[in-house]
file upload_27.cif (mmCIF, C-alpha atoms and all ligand atoms)
data_final
loop_
_atom_site.label_atom_id
_atom_site.label_comp_id
_atom_site.auth_asym_id
_atom_site.auth_seq_id
_atom_site.Cartn_x
_atom_site.Cartn_y
_atom_site.Cartn_z
CA MET A 1 -43.31 107.64 -64.55
CA LYS A 2 -41.25 110.55 -63.36
CA VAL A 3 -37.65 110.51 -64.44
CA SER A 4 -37.04 114.17 -65.08
CA ARG A 5 -33.70 114.01 -63.27
CA LEU A 6 -32.24 113.06 -66.65
CA ARG A 7 -32.77 116.57 -67.90
CA SER A 8 -30.19 117.97 -65.46
CA ILE A 9 -27.53 115.37 -65.04
CA TRP A 10 -24.40 117.28 -65.64
CA SER A 11 -22.83 116.80 -62.24
CA PRO A 12 -20.11 114.17 -61.88
CA ILE A 13 -21.10 110.79 -60.60
CA HIS A 14 -20.01 110.12 -57.05
CA SER A 15 -19.69 106.39 -56.72
CA GLN A 16 -20.70 104.80 -53.48
CA VAL A 17 -18.50 102.22 -51.90
CA ALA A 18 -19.13 98.94 -53.66
CA THR A 19 -19.55 95.64 -51.94
CA PRO A 20 -16.61 93.67 -53.31
CA TYR A 21 -17.46 90.72 -55.46
CA ASN A 22 -16.67 87.39 -53.85
CA LYS A 23 -14.25 85.81 -56.29
CA VAL A 24 -14.24 82.50 -54.44
CA MET A 25 -15.95 80.05 -56.72
CA GLY A 26 -16.24 76.44 -57.80
CA ASN A 27 -14.09 73.43 -57.48
CA ALA A 28 -14.15 73.78 -53.74
CA VAL A 29 -15.11 70.71 -51.76
CA ALA A 30 -18.83 70.14 -52.17
CA THR A 31 -20.85 68.31 -49.60
CA ASP A 32 -22.57 65.35 -51.19
CA ASN A 33 -25.83 66.17 -49.45
CA GLY A 34 -26.00 69.68 -50.80
CA LEU A 35 -25.33 68.62 -54.37
CA ALA A 36 -27.63 65.60 -54.18
CA ALA A 37 -30.53 67.69 -52.89
CA ILE A 38 -30.16 70.31 -55.60
CA THR A 39 -29.64 67.70 -58.32
CA SER A 40 -32.81 65.96 -57.22
CA LYS A 41 -34.72 69.22 -57.53
CA VAL A 42 -33.36 69.95 -61.01
CA GLU A 43 -34.05 66.41 -62.23
CA LYS A 44 -37.64 66.65 -61.03
CA GLY A 45 -38.13 70.08 -62.55
CA VAL A 46 -38.43 71.71 -59.15
CA ARG A 47 -37.22 75.29 -59.21
CA ILE A 48 -34.01 76.05 -57.32
CA THR A 49 -33.90 78.86 -54.78
CA ALA A 50 -31.40 81.69 -54.46
CA GLU A 51 -29.82 79.79 -51.60
CA ASP A 52 -29.43 76.73 -53.82
CA ALA A 53 -27.83 78.93 -56.47
CA ARG A 54 -25.48 80.41 -53.91
CA TRP A 55 -24.49 76.91 -52.81
CA LEU A 56 -23.85 75.83 -56.39
CA TRP A 57 -21.74 78.89 -57.10
CA GLN A 58 -19.62 78.43 -54.03
CA HIS A 59 -19.26 74.63 -53.99
CA ALA A 60 -20.22 72.90 -57.23
CA SER A 61 -17.50 71.83 -59.64
CA ASP A 62 -17.57 72.92 -63.27
CA ALA A 63 -18.62 69.38 -64.20
CA ASP A 64 -21.53 69.47 -61.76
CA LEU A 65 -22.70 72.83 -63.10
CA CYS A 66 -22.47 71.57 -66.70
CA SER A 67 -24.43 68.48 -65.81
CA LEU A 68 -27.24 70.38 -64.09
CA ALA A 69 -27.36 73.06 -66.80
CA ASN A 70 -27.73 70.38 -69.46
CA ILE A 71 -30.62 68.77 -67.63
CA VAL A 72 -32.49 72.06 -68.01
CA ARG A 73 -31.16 72.74 -71.53
CA ASN A 74 -32.34 69.34 -72.74
CA ARG A 75 -35.91 70.23 -71.80
CA PHE A 76 -35.88 72.91 -74.48
CA HIS A 77 -33.31 71.78 -77.04
CA ALA A 78 -32.01 68.54 -78.49
CA PRO A 79 -28.51 67.64 -77.26
CA GLY A 80 -25.90 68.80 -79.76
CA SER A 81 -28.17 71.39 -81.34
CA CYS A 82 -27.50 75.11 -81.27
CA THR A 83 -28.37 78.18 -83.31
CA TYR A 84 -26.63 81.40 -84.30
CA MET A 85 -27.22 84.65 -86.14
CA VAL A 86 -24.97 87.03 -88.01
CA MET A 87 -25.77 90.49 -86.73
CA ARG A 88 -24.45 93.99 -86.34
CA ILE A 89 -25.01 96.54 -83.65
CA VAL A 90 -25.66 99.94 -85.16
CA ASN A 91 -24.50 102.64 -82.79
CA TYR A 92 -26.56 105.43 -84.33
CA THR A 93 -25.36 108.10 -81.89
CA ASN A 94 -22.68 108.24 -79.24
CA VAL A 95 -23.98 111.42 -77.64
CA CYS A 96 -25.25 110.60 -74.19
CA VAL A 97 -26.04 112.39 -70.94
CA ALA A 98 -26.23 109.32 -68.69
CA GLN A 99 -22.53 109.24 -67.72
CA CYS A 100 -22.34 105.60 -66.68
CA ASP A 101 -18.91 105.09 -65.14
CA TYR A 102 -18.39 101.77 -66.96
CA CYS A 103 -18.87 103.27 -70.43
CA ALA A 104 -16.02 104.14 -72.81
CA PHE A 105 -18.37 104.96 -75.68
CA TYR A 106 -20.28 108.13 -74.92
CA LYS A 107 -19.60 111.79 -75.60
CA LEU A 108 -21.45 114.51 -73.73
CA PRO A 109 -23.42 116.93 -75.93
CA GLY A 110 -21.18 119.57 -77.47
CA VAL A 111 -17.99 117.57 -77.00
CA SER A 112 -15.93 116.86 -80.10
CA GLY A 113 -16.27 113.35 -81.47
CA GLY A 114 -20.02 113.17 -80.90
CA TYR A 115 -22.05 111.99 -83.88
CA VAL A 116 -25.55 111.11 -85.11
CA MET A 117 -25.97 108.82 -88.09
CA SER A 118 -28.05 109.85 -91.08
CA HIS A 119 -30.45 107.41 -92.73
CA GLU A 120 -27.86 106.90 -95.45
CA ASP A 121 -25.20 106.02 -92.87
CA VAL A 122 -27.53 103.42 -91.37
CA PHE A 123 -28.54 102.01 -94.76
CA ALA A 124 -24.86 101.55 -95.68
CA LYS A 125 -24.32 99.51 -92.53
CA LEU A 126 -27.42 97.40 -93.17
CA ASP A 127 -26.39 96.81 -96.79
CA GLU A 128 -23.01 95.60 -95.57
CA LEU A 129 -24.71 93.32 -93.04
CA LEU A 130 -26.78 91.73 -95.80
CA ALA A 131 -23.68 91.31 -97.96
CA LEU A 132 -21.99 89.41 -95.11
CA GLY A 133 -24.96 87.07 -94.80
CA GLY A 134 -26.54 88.63 -91.74
CA ASP A 135 -30.13 89.74 -91.24
CA LEU A 136 -30.34 91.19 -87.74
CA ALA A 137 -29.40 94.71 -86.68
CA ALA A 138 -29.55 95.96 -83.13
CA PHE A 139 -29.69 99.69 -82.59
CA ASN A 140 -27.87 100.95 -79.55
CA GLY A 141 -26.94 104.54 -78.88
CA GLY A 142 -26.82 107.09 -76.12
CA PHE A 143 -29.36 109.25 -74.34
CA ASN A 144 -29.10 112.04 -76.89
CA PRO A 145 -31.22 115.08 -75.93
CA GLN A 146 -30.93 116.43 -79.48
CA LEU A 147 -32.88 113.53 -80.99
CA PRO A 148 -36.68 113.83 -80.95
CA LEU A 149 -39.04 110.89 -81.17
CA SER A 150 -39.50 111.68 -84.86
CA TYR A 151 -35.83 110.80 -85.53
CA TYR A 152 -36.44 107.27 -84.30
CA CYS A 153 -39.85 106.81 -85.92
CA ASP A 154 -38.61 108.14 -89.28
CA LEU A 155 -35.50 105.94 -89.14
CA PHE A 156 -37.33 102.74 -88.26
CA ALA A 157 -40.15 103.37 -90.75
CA SER A 158 -37.61 104.02 -93.50
CA ILE A 159 -35.82 100.75 -92.72
CA ARG A 160 -39.08 98.80 -92.93
CA ALA A 161 -39.93 100.52 -96.19
CA ARG A 162 -36.52 99.83 -97.73
CA TYR A 163 -35.80 96.31 -96.45
CA GLY A 164 -39.20 94.79 -95.65
CA ASP A 165 -38.71 91.50 -93.85
CA SER A 166 -35.26 90.85 -95.29
CA ILE A 167 -33.78 92.45 -92.18
CA GLU A 168 -35.10 92.42 -88.65
CA PHE A 169 -33.98 94.98 -86.13
CA TYR A 170 -33.86 95.35 -82.39
CA ALA A 171 -34.93 98.96 -82.37
CA LEU A 172 -33.74 100.17 -79.00
CA THR A 173 -32.69 98.95 -75.61
CA ILE A 174 -35.04 99.41 -72.69
CA ALA A 175 -32.74 102.09 -71.28
CA GLU A 176 -32.97 104.14 -74.49
CA PHE A 177 -36.72 103.53 -74.67
CA LEU A 178 -37.10 104.98 -71.16
CA TYR A 179 -35.11 108.05 -72.13
CA LEU A 180 -36.99 108.46 -75.38
CA ALA A 181 -40.39 108.35 -73.65
CA ASP A 182 -39.20 110.67 -70.90
CA HIS A 183 -37.69 113.13 -73.36
CA ALA A 184 -40.83 113.13 -75.53
CA LYS A 185 -43.02 113.51 -72.40
CA LEU A 186 -45.01 110.43 -73.36
CA SER A 187 -46.24 107.58 -71.20
CA LEU A 188 -44.41 104.33 -71.73
CA SER A 189 -47.44 102.80 -73.44
CA GLU A 190 -47.81 105.82 -75.76
CA ALA A 191 -44.14 105.67 -76.69
CA ALA A 192 -44.35 101.95 -77.37
CA ALA A 193 -47.42 102.46 -79.54
CA ARG A 194 -45.69 105.19 -81.59
CA LEU A 195 -42.67 102.99 -82.21
CA LYS A 196 -44.83 100.00 -83.08
CA ALA A 197 -46.72 102.12 -85.62
CA ALA A 198 -43.34 102.98 -87.17
CA GLY A 199 -42.62 99.30 -87.77
CA VAL A 200 -40.77 98.36 -84.59
CA ARG A 201 -41.21 94.77 -83.42
CA TRP A 202 -38.45 94.39 -80.84
CA ILE A 203 -37.08 96.45 -77.97
CA THR A 204 -34.41 94.42 -76.21
CA GLY A 205 -33.53 94.22 -72.54
CA GLY A 206 -30.24 96.08 -73.01
CA GLY A 207 -29.21 98.62 -70.42
CA SER A 208 -29.89 96.21 -67.59
CA GLU A 209 -26.29 95.49 -66.58
CA ILE A 210 -26.97 94.41 -62.98
CA LEU A 211 -30.58 94.92 -61.95
CA THR A 212 -30.22 96.03 -58.36
CA GLU A 213 -30.91 99.55 -57.16
CA ASN A 214 -27.63 99.63 -55.28
CA PHE A 215 -25.57 98.72 -58.35
CA ARG A 216 -27.28 101.43 -60.38
CA ALA A 217 -26.74 104.00 -57.64
CA ARG A 218 -23.04 103.14 -57.65
CA HIS A 219 -22.47 103.18 -61.39
CA SER A 220 -25.32 104.57 -63.49
CA LYS A 221 -27.61 106.58 -61.30
CA PHE A 222 -28.99 108.53 -64.25
CA LYS A 223 -29.89 105.41 -66.19
CA TYR A 224 -33.23 104.74 -64.48
CA THR A 225 -34.08 102.56 -61.56
CA VAL A 226 -34.72 98.84 -61.60
CA ALA A 227 -38.40 99.52 -60.97
CA GLU A 228 -38.54 101.84 -63.99
CA TYR A 229 -36.70 99.29 -66.12
CA PHE A 230 -39.34 96.66 -65.47
CA GLN A 231 -42.20 99.15 -65.86
CA ALA A 232 -40.84 99.87 -69.32
CA GLN A 233 -40.42 96.22 -70.17
CA ARG A 234 -43.96 95.50 -69.05
CA ALA A 235 -45.26 98.33 -71.26
CA ILE A 236 -43.30 96.88 -74.18
CA VAL A 237 -44.83 93.44 -73.67
CA GLU A 238 -48.32 94.89 -73.23
CA ALA A 239 -47.92 96.83 -76.47
CA GLY A 240 -47.38 93.55 -78.29
CA LEU A 241 -43.68 94.13 -78.90
CA LYS A 242 -41.07 91.47 -78.29
CA THR A 243 -38.29 91.78 -75.80
CA THR A 244 -35.34 89.94 -74.26
CA ALA A 245 -33.47 89.69 -70.98
CA THR A 246 -29.84 90.74 -70.68
CA MET A 247 -27.19 90.89 -67.97
CA VAL A 248 -23.60 92.07 -67.79
CA ILE A 249 -21.21 90.68 -65.19
CA GLY A 250 -17.67 91.47 -64.14
CA PHE A 251 -17.96 94.95 -62.61
CA ASP A 252 -17.79 94.98 -58.82
CA GLU A 253 -21.16 93.32 -58.28
CA SER A 254 -21.61 90.93 -55.40
CA LEU A 255 -22.90 87.40 -55.66
CA ASP A 256 -26.08 88.60 -53.97
CA GLU A 257 -26.51 91.19 -56.72
CA ARG A 258 -26.09 88.60 -59.45
CA LEU A 259 -28.66 86.38 -57.79
CA GLU A 260 -31.06 89.29 -57.33
CA HIS A 261 -30.78 90.04 -61.04
CA LEU A 262 -31.59 86.43 -61.91
CA GLU A 263 -34.48 86.35 -59.44
CA ARG A 264 -36.03 89.54 -60.83
CA THR A 265 -35.67 88.21 -64.37
CA ARG A 266 -37.27 84.89 -63.51
CA ASN A 267 -40.13 86.64 -61.73
CA PHE A 268 -40.76 88.95 -64.67
CA GLN A 269 -40.91 85.98 -67.01
CA ASP A 270 -43.34 84.20 -64.69
CA GLU A 271 -45.60 87.24 -64.74
CA THR A 272 -45.45 88.11 -68.44
CA GLY A 273 -43.90 85.30 -70.47
CA GLY A 274 -42.50 88.07 -72.64
CA LEU A 275 -38.78 87.28 -72.59
CA ALA A 276 -37.67 85.56 -75.78
CA SER A 277 -34.14 84.93 -74.57
CA PHE A 278 -31.51 85.70 -71.95
CA LEU A 279 -28.08 86.99 -72.98
CA CYS A 280 -25.27 87.58 -70.53
CA TRP A 281 -21.99 89.18 -71.52
CA THR A 282 -18.93 90.38 -69.66
CA PHE A 283 -17.83 93.90 -68.81
CA LYS A 284 -14.90 95.21 -70.81
CA PRO A 285 -13.05 97.66 -68.55
CA TYR A 286 -10.53 99.28 -70.88
CA PHE A 287 -10.70 103.09 -71.22
CA THR A 288 -13.62 103.26 -68.79
CA GLN A 289 -13.83 105.48 -65.71
CA ILE A 290 -14.36 102.50 -63.43
CA GLY A 291 -11.50 100.45 -64.95
CA GLY A 292 -10.64 97.11 -63.41
CA ILE A 293 -9.70 93.77 -64.90
CA GLU A 294 -11.80 91.34 -66.87
CA ILE A 295 -13.25 88.27 -65.23
CA THR A 296 -12.01 84.93 -66.46
CA ILE A 297 -13.75 82.79 -69.06
CA SER A 298 -14.19 80.18 -66.34
CA GLU A 299 -16.18 82.59 -64.21
CA TYR A 300 -18.32 83.57 -67.20
CA LEU A 301 -19.06 79.95 -68.10
CA ARG A 302 -20.00 79.06 -64.55
CA HIS A 303 -22.37 82.01 -64.49
CA LEU A 304 -23.94 80.90 -67.76
CA ALA A 305 -24.57 77.47 -66.27
CA LEU A 306 -26.05 78.96 -63.14
CA SER A 307 -28.28 81.20 -65.26
CA ARG A 308 -29.54 78.22 -67.28
CA ILE A 309 -30.35 76.31 -64.11
CA TYR A 310 -31.98 79.31 -62.41
CA LEU A 311 -33.92 80.65 -65.39
CA ASP A 312 -35.98 77.53 -65.88
CA ASN A 313 -38.68 79.52 -67.67
CA ILE A 314 -36.56 81.04 -70.47
CA PRO A 315 -35.97 78.58 -73.32
CA ARG A 316 -33.17 80.41 -75.10
CA ILE A 317 -29.94 81.13 -73.21
CA ARG A 318 -27.35 82.93 -75.34
CA THR A 319 -23.57 83.03 -75.03
CA SER A 320 -21.57 86.14 -75.94
CA VAL A 321 -19.13 85.81 -78.83
CA LEU A 322 -18.91 89.62 -78.82
CA THR A 323 -17.08 89.70 -75.50
CA GLN A 324 -15.51 86.22 -75.32
CA ASN A 325 -14.82 85.44 -79.00
CA GLU A 326 -14.79 81.74 -79.85
CA LEU A 327 -14.26 80.78 -76.21
CA ALA A 328 -17.88 81.80 -75.71
CA LEU A 329 -18.85 78.64 -77.57
CA ASP A 330 -17.76 76.62 -74.56
CA GLY A 331 -20.91 78.16 -73.13
CA LEU A 332 -22.85 75.61 -75.20
CA ARG A 333 -21.53 72.96 -72.80
CA PHE A 334 -22.56 75.16 -69.88
CA GLY A 335 -26.21 75.40 -70.88
CA ALA A 336 -26.36 77.98 -73.67
CA ASP A 337 -28.02 77.10 -76.97
CA ASP A 338 -27.60 80.20 -79.13
CA PHE A 339 -25.05 82.86 -80.05
CA ASP A 340 -24.45 85.86 -82.31
CA LEU A 341 -21.67 86.30 -84.80
CA PRO A 342 -21.34 90.09 -84.55
CA ILE A 343 -19.70 92.23 -87.19
CA GLU A 344 -19.63 95.47 -85.22
CA ASP A 345 -20.38 97.01 -81.85
CA GLU A 346 -18.63 100.27 -81.11
CA VAL A 347 -19.70 100.28 -77.45
CA THR A 348 -17.85 97.13 -76.46
CA GLN A 349 -15.07 97.60 -79.01
CA LYS A 350 -14.25 100.99 -77.47
CA ALA A 351 -13.85 99.19 -74.14
CA GLY A 352 -11.62 96.44 -75.49
CA ALA A 353 -13.77 93.90 -77.36
CA THR A 354 -12.32 92.49 -80.58
CA ILE A 355 -14.38 91.08 -83.45
CA ASN A 356 -13.39 88.18 -85.67
CA LEU A 357 -15.12 88.09 -89.06
CA ASP A 358 -13.85 84.58 -89.80
CA PHE A 359 -17.25 83.08 -89.08
CA GLU A 360 -16.32 79.61 -90.34
CA ARG A 361 -13.50 79.40 -87.84
CA ILE A 362 -15.89 80.25 -85.02
CA LEU A 363 -18.53 77.83 -86.27
CA ASN A 364 -15.92 75.10 -86.58
CA TYR A 365 -15.07 75.58 -82.95
CA ALA A 366 -18.69 74.77 -82.12
CA ARG A 367 -18.55 71.72 -84.37
CA GLU A 368 -15.37 70.50 -82.70
CA LEU A 369 -17.25 70.67 -79.41
CA GLY A 370 -19.88 68.36 -80.86
CA TYR A 371 -22.56 70.89 -81.76
CA SER A 372 -24.31 71.43 -85.09
CA PRO A 373 -24.90 75.17 -85.44
CA GLU A 374 -27.87 76.21 -87.56
CA TYR A 375 -28.59 79.75 -88.69
CA ARG A 376 -31.56 81.25 -86.83
CA HIS A 377 -33.43 83.78 -88.92
CA VAL A 378 -35.16 86.37 -86.82
CA ALA A 379 -36.13 88.37 -89.88
CA GLY A 380 -39.63 87.61 -91.02
CA ALA A 381 -40.12 84.91 -88.41
CA LEU A 382 -40.10 86.99 -85.23
CA GLY A 383 -38.14 84.21 -83.61
S1 LIG B 401 -23.73 102.82 -71.24
FE1 LIG B 401 -25.29 103.73 -72.59
S2 LIG B 401 -26.50 105.06 -71.24
FE2 LIG B 401 -24.55 104.65 -70.15
S3 LIG B 401 -23.17 106.36 -70.75
FE3 LIG B 401 -22.81 104.67 -72.21
S4 LIG B 401 -24.15 105.15 -73.94
FE4 LIG B 401 -24.89 106.34 -72.20
#
call {"tool": "encode", "arguments": {"input": "upload_27.cif", "output": "C-alpha cells"}}
result
Amino acid sequence: MKVSRLRSIWSPIHSQVATPYNKVMGNAVATDNGLAAITSKVEKGVRITAEDARWLWQHASDADLCSLANIVRNRFHAPGSCTYMVMRIVNYTNVCVAQCDYCAFYKLPGVSGGYVMSHEDVFAKLDELLALGGDLAAFNGGFNPQLPLSYYCDLFASIRARYGDSIEFYALTIAEFLYLADHAKLSLSEAAARLKAAGVRWITGGGSEILTENFRARHSKFKYTVAEYFQAQRAIVEAGLKTTATMVIGFDESLDERLEHLERTRNFQDETGGLASFLCWTFKPYFTQIGGIEITISEYLRHLALSRIYLDNIPRIRTSVLTQNELALDGLRFGADDFDLPIEDEVTQKAGATINLDFERILNYARELGYSPEYRHVAGALG
C-alpha cells in the first residue's frame, strides 16, 4: 500500500462541489406493487437490491420500513430483546494531520491545545469507566506523526497487563490503523500482527464516514481511499482480529452514496464474515469547517431501518445514543438491537453531541417502548 501523501498534507483542503443530498423521503404515496414485491422478497429471505432500497427510501412509509426491518431483525433476535454496553471513547491524542473538513476535534502539530495522553491519563479514564459500571473502551485519536508504533503497543500491552479481561478495548479505528502502518512503514499485515502481539483484539470500522471515493475526495482526501480502507479491514480480519462496520450520515452525501456504502459493506461481509456489527451515527456540524444543520431523527431512523433490511448478513445493528441521546432507542423499533451508553467522546462532543449519564432514564425509555435491555459484556467474551 502506498499512502505516503499523508506525510505532506499541509495544504488546505479544496472541497469539490458536492452532489446535494435528496431530502425527499418517506410517507410519499407508495405504489402497492412496488411495496408488495419488496415485501415478498424480504419475507422469503431474498436479498433486496440497491434499486429496491432506493424505492423504499423514496416511497415507503415509516410503518412499512419498521415492518420490513423487523422481519429481518427477528431472524437474529427475539422480539422485544435488545442489548447495551456502558462504554467510553478515549481520545488519546487530538493531534492530527488529516484535516477532515467535518472535524471539530483535531489540532495540527505544533498548534496550542494539542495533547497526547500518558498511560496514567488513560488508566484514570479506564478506572472511572469501571466505577461507572462499564467495561468497554474505544480508543480514537488523530493521525499524530509524533507517535511511533511503540506508543500504541506499549499502551495496549500495559492495559492488558493492568486490567486483564475486566476491560475490553477497541484499540484503534481502521483510519488510524492505516496511518499507523503507513507511518511505521509496515505492511498492513505486519502492523496488525504487532498490535495483536501487544494484546489488541479489536480494530473497529471507524473512520469510514461515507465509503465512496467521491465523498472522501470532497471532505477527507488525506484519510485514505475506500479501497485502502477495505484492504486494511481485510488485513485485520486475516490477522485474526475482530472488527465492525460503521457509517456516518448527514453531511452532504447523496442517496446513491449512502446506498454505495451499504453495498460495499454487505459485499465485504459476504467475502469475509468479519463484521461483528454495524453502527451508524449522525454528523454533528457545530464548530466544523463544513458546518450545516443536523438531519432529523426521522431521517436517521429511516436509514437505520433501511440498513437493517439491506445488511441481511450482519446480525447486530446498533443505534447511536451518542449522537441522538434517548431518541436513538426508537431505533429499536426500526431494526436495531443494540446500543452504547457512552460516558465520553470528545470528538462528537466538540461538534455538539451531549452525553447523559442518567443511564436508568435512558434504559427506562427502552422499557417503555417494550424492550428488555440486557447488558452485553464484550470484555472476556469477545462478543
Ligand atoms: S476526523 Fe479523525 S482523521 Fe479526520 S481530522 Fe478529525 S481526528 Fe483527524
call {"tool": "residues_near_ligand", "arguments": {"input": "upload_27.cif", "ligand": "ligand LIG 401 (chain B)", "cutoff": "9 Å", "atoms": "only C-alpha atoms and all ligand atoms", "output": "PyMOL selection string"}}
result
chain A and resi 93-108+140-144+175-176+207+220+222-223+347
call {"tool": "atom_distance", "arguments": {"input": "upload_27.cif", "atom1": "CA of His59 in chain A", "atom2": "CA of Leu301 in chain A"}}
result
15.1 Å
call {"tool": "closest_residue", "arguments": {"input": "upload_27.cif", "among": "A:Glu299, A:Thr212, A:Tyr84, A:Phe268", "to": "Thr225 in chain A", "atoms": "all atoms listed in the file"}}
result
A:Thr212
call {"tool": "atom_distance", "arguments": {"input": "upload_27.cif", "atom1": "CA of Arg316 in chain A", "atom2": "CA of Trp202 in chain A"}}
result
16.0 Å
call {"tool": "residues_around", "arguments": {"input": "upload_27.cif", "residues": "range 364-376 of chain A", "least_positions_apart": "6", "cutoff": "12 Å", "atoms": "all atoms listed in the file", "output": "mmCIF file with C-alpha atoms, in the coordinates of the input"}}
result
data_model
loop_
_atom_site.group_PDB
_atom_site.id
_atom_site.type_symbol
_atom_site.label_atom_id
_atom_site.label_comp_id
_atom_site.auth_asym_id
_atom_site.auth_seq_id
_atom_site.Cartn_x
_atom_site.Cartn_y
_atom_site.Cartn_z
ATOM 1 C CA HIS A 77 -33.310 71.780 -77.040
ATOM 2 C CA ALA A 78 -32.010 68.540 -78.490
ATOM 3 C CA PRO A 79 -28.510 67.640 -77.260
ATOM 4 C CA GLY A 80 -25.900 68.800 -79.760
ATOM 5 C CA SER A 81 -28.170 71.390 -81.340
ATOM 6 C CA CYS A 82 -27.500 75.110 -81.270
ATOM 7 C CA THR A 83 -28.370 78.180 -83.310
ATOM 8 C CA TYR A 84 -26.630 81.400 -84.300
ATOM 9 C CA MET A 85 -27.220 84.650 -86.140
ATOM 10 C CA VAL A 86 -24.970 87.030 -88.010
ATOM 11 C CA MET A 87 -25.770 90.490 -86.730
ATOM 12 C CA GLY A 133 -24.960 87.070 -94.800
ATOM 13 C CA GLY A 134 -26.540 88.630 -91.740
ATOM 14 C CA ASP A 135 -30.130 89.740 -91.240
ATOM 15 C CA LEU A 136 -30.340 91.190 -87.740
ATOM 16 C CA GLU A 168 -35.100 92.420 -88.650
ATOM 17 C CA ARG A 316 -33.170 80.410 -75.100
ATOM 18 C CA THR A 319 -23.570 83.030 -75.030
ATOM 19 C CA VAL A 321 -19.130 85.810 -78.830
ATOM 20 C CA ASN A 325 -14.820 85.440 -79.000
ATOM 21 C CA GLU A 326 -14.790 81.740 -79.850
ATOM 22 C CA LEU A 327 -14.260 80.780 -76.210
ATOM 23 C CA ALA A 328 -17.880 81.800 -75.710
ATOM 24 C CA LEU A 329 -18.850 78.640 -77.570
ATOM 25 C CA ASP A 330 -17.760 76.620 -74.560
ATOM 26 C CA GLY A 331 -20.910 78.160 -73.130
ATOM 27 C CA LEU A 332 -22.850 75.610 -75.200
ATOM 28 C CA ARG A 333 -21.530 72.960 -72.800
ATOM 29 C CA PHE A 334 -22.560 75.160 -69.880
ATOM 30 C CA ALA A 336 -26.360 77.980 -73.670
ATOM 31 C CA ASP A 337 -28.020 77.100 -76.970
ATOM 32 C CA ASP A 338 -27.600 80.200 -79.130
ATOM 33 C CA PHE A 339 -25.050 82.860 -80.050
ATOM 34 C CA ASP A 340 -24.450 85.860 -82.310
ATOM 35 C CA LEU A 341 -21.670 86.300 -84.800
ATOM 36 C CA ASP A 358 -13.850 84.580 -89.800
ATOM 37 C CA LEU A 382 -40.100 86.990 -85.230
ATOM 38 C CA GLY A 383 -38.140 84.210 -83.610
#
call {"tool": "build_atoms", "arguments": {"input": "upload_27.cif", "residues": "range 70-82 of chain A", "atoms": "N, CA and C atoms", "output": "compact mmCIF listing (two decimals), keeping the file's coordinate frame"}}
result
# COMPACT_ATOMS: atom_id res chain seq x y z
N ASN A 70 -27.27 71.15 -68.30
CA ASN A 70 -27.73 70.38 -69.46
C ASN A 70 -29.03 69.64 -69.20
N ILE A 71 -29.30 69.33 -67.95
CA ILE A 71 -30.62 68.77 -67.63
C ILE A 71 -31.70 69.77 -68.03
N VAL A 72 -31.49 71.03 -67.68
CA VAL A 72 -32.49 72.06 -68.01
C VAL A 72 -32.47 72.35 -69.52
N ARG A 73 -31.27 72.46 -70.08
CA ARG A 73 -31.16 72.74 -71.53
C ARG A 73 -31.90 71.70 -72.35
N ASN A 74 -31.75 70.43 -71.95
CA ASN A 74 -32.34 69.34 -72.74
C ASN A 74 -33.87 69.35 -72.72
N ARG A 75 -34.45 70.10 -71.80
CA ARG A 75 -35.91 70.23 -71.80
C ARG A 75 -36.39 71.10 -72.96
N PHE A 76 -35.50 71.95 -73.43
CA PHE A 76 -35.88 72.91 -74.48
C PHE A 76 -35.24 72.60 -75.83
N HIS A 77 -34.09 71.94 -75.81
CA HIS A 77 -33.31 71.78 -77.04
C HIS A 77 -32.71 70.38 -77.11
N ALA A 78 -32.63 69.86 -78.32
CA ALA A 78 -32.01 68.54 -78.49
C ALA A 78 -30.52 68.64 -78.18
N PRO A 79 -29.95 67.63 -77.53
CA PRO A 79 -28.51 67.64 -77.26
C PRO A 79 -27.74 67.79 -78.58
N GLY A 80 -26.71 68.60 -78.56
CA GLY A 80 -25.90 68.80 -79.76
C GLY A 80 -26.43 69.87 -80.70
N SER A 81 -27.64 70.34 -80.47
CA SER A 81 -28.17 71.39 -81.34
C SER A 81 -27.79 72.76 -80.78
N CYS A 82 -27.67 73.71 -81.68
CA CYS A 82 -27.50 75.11 -81.27
C CYS A 82 -27.78 75.98 -82.48
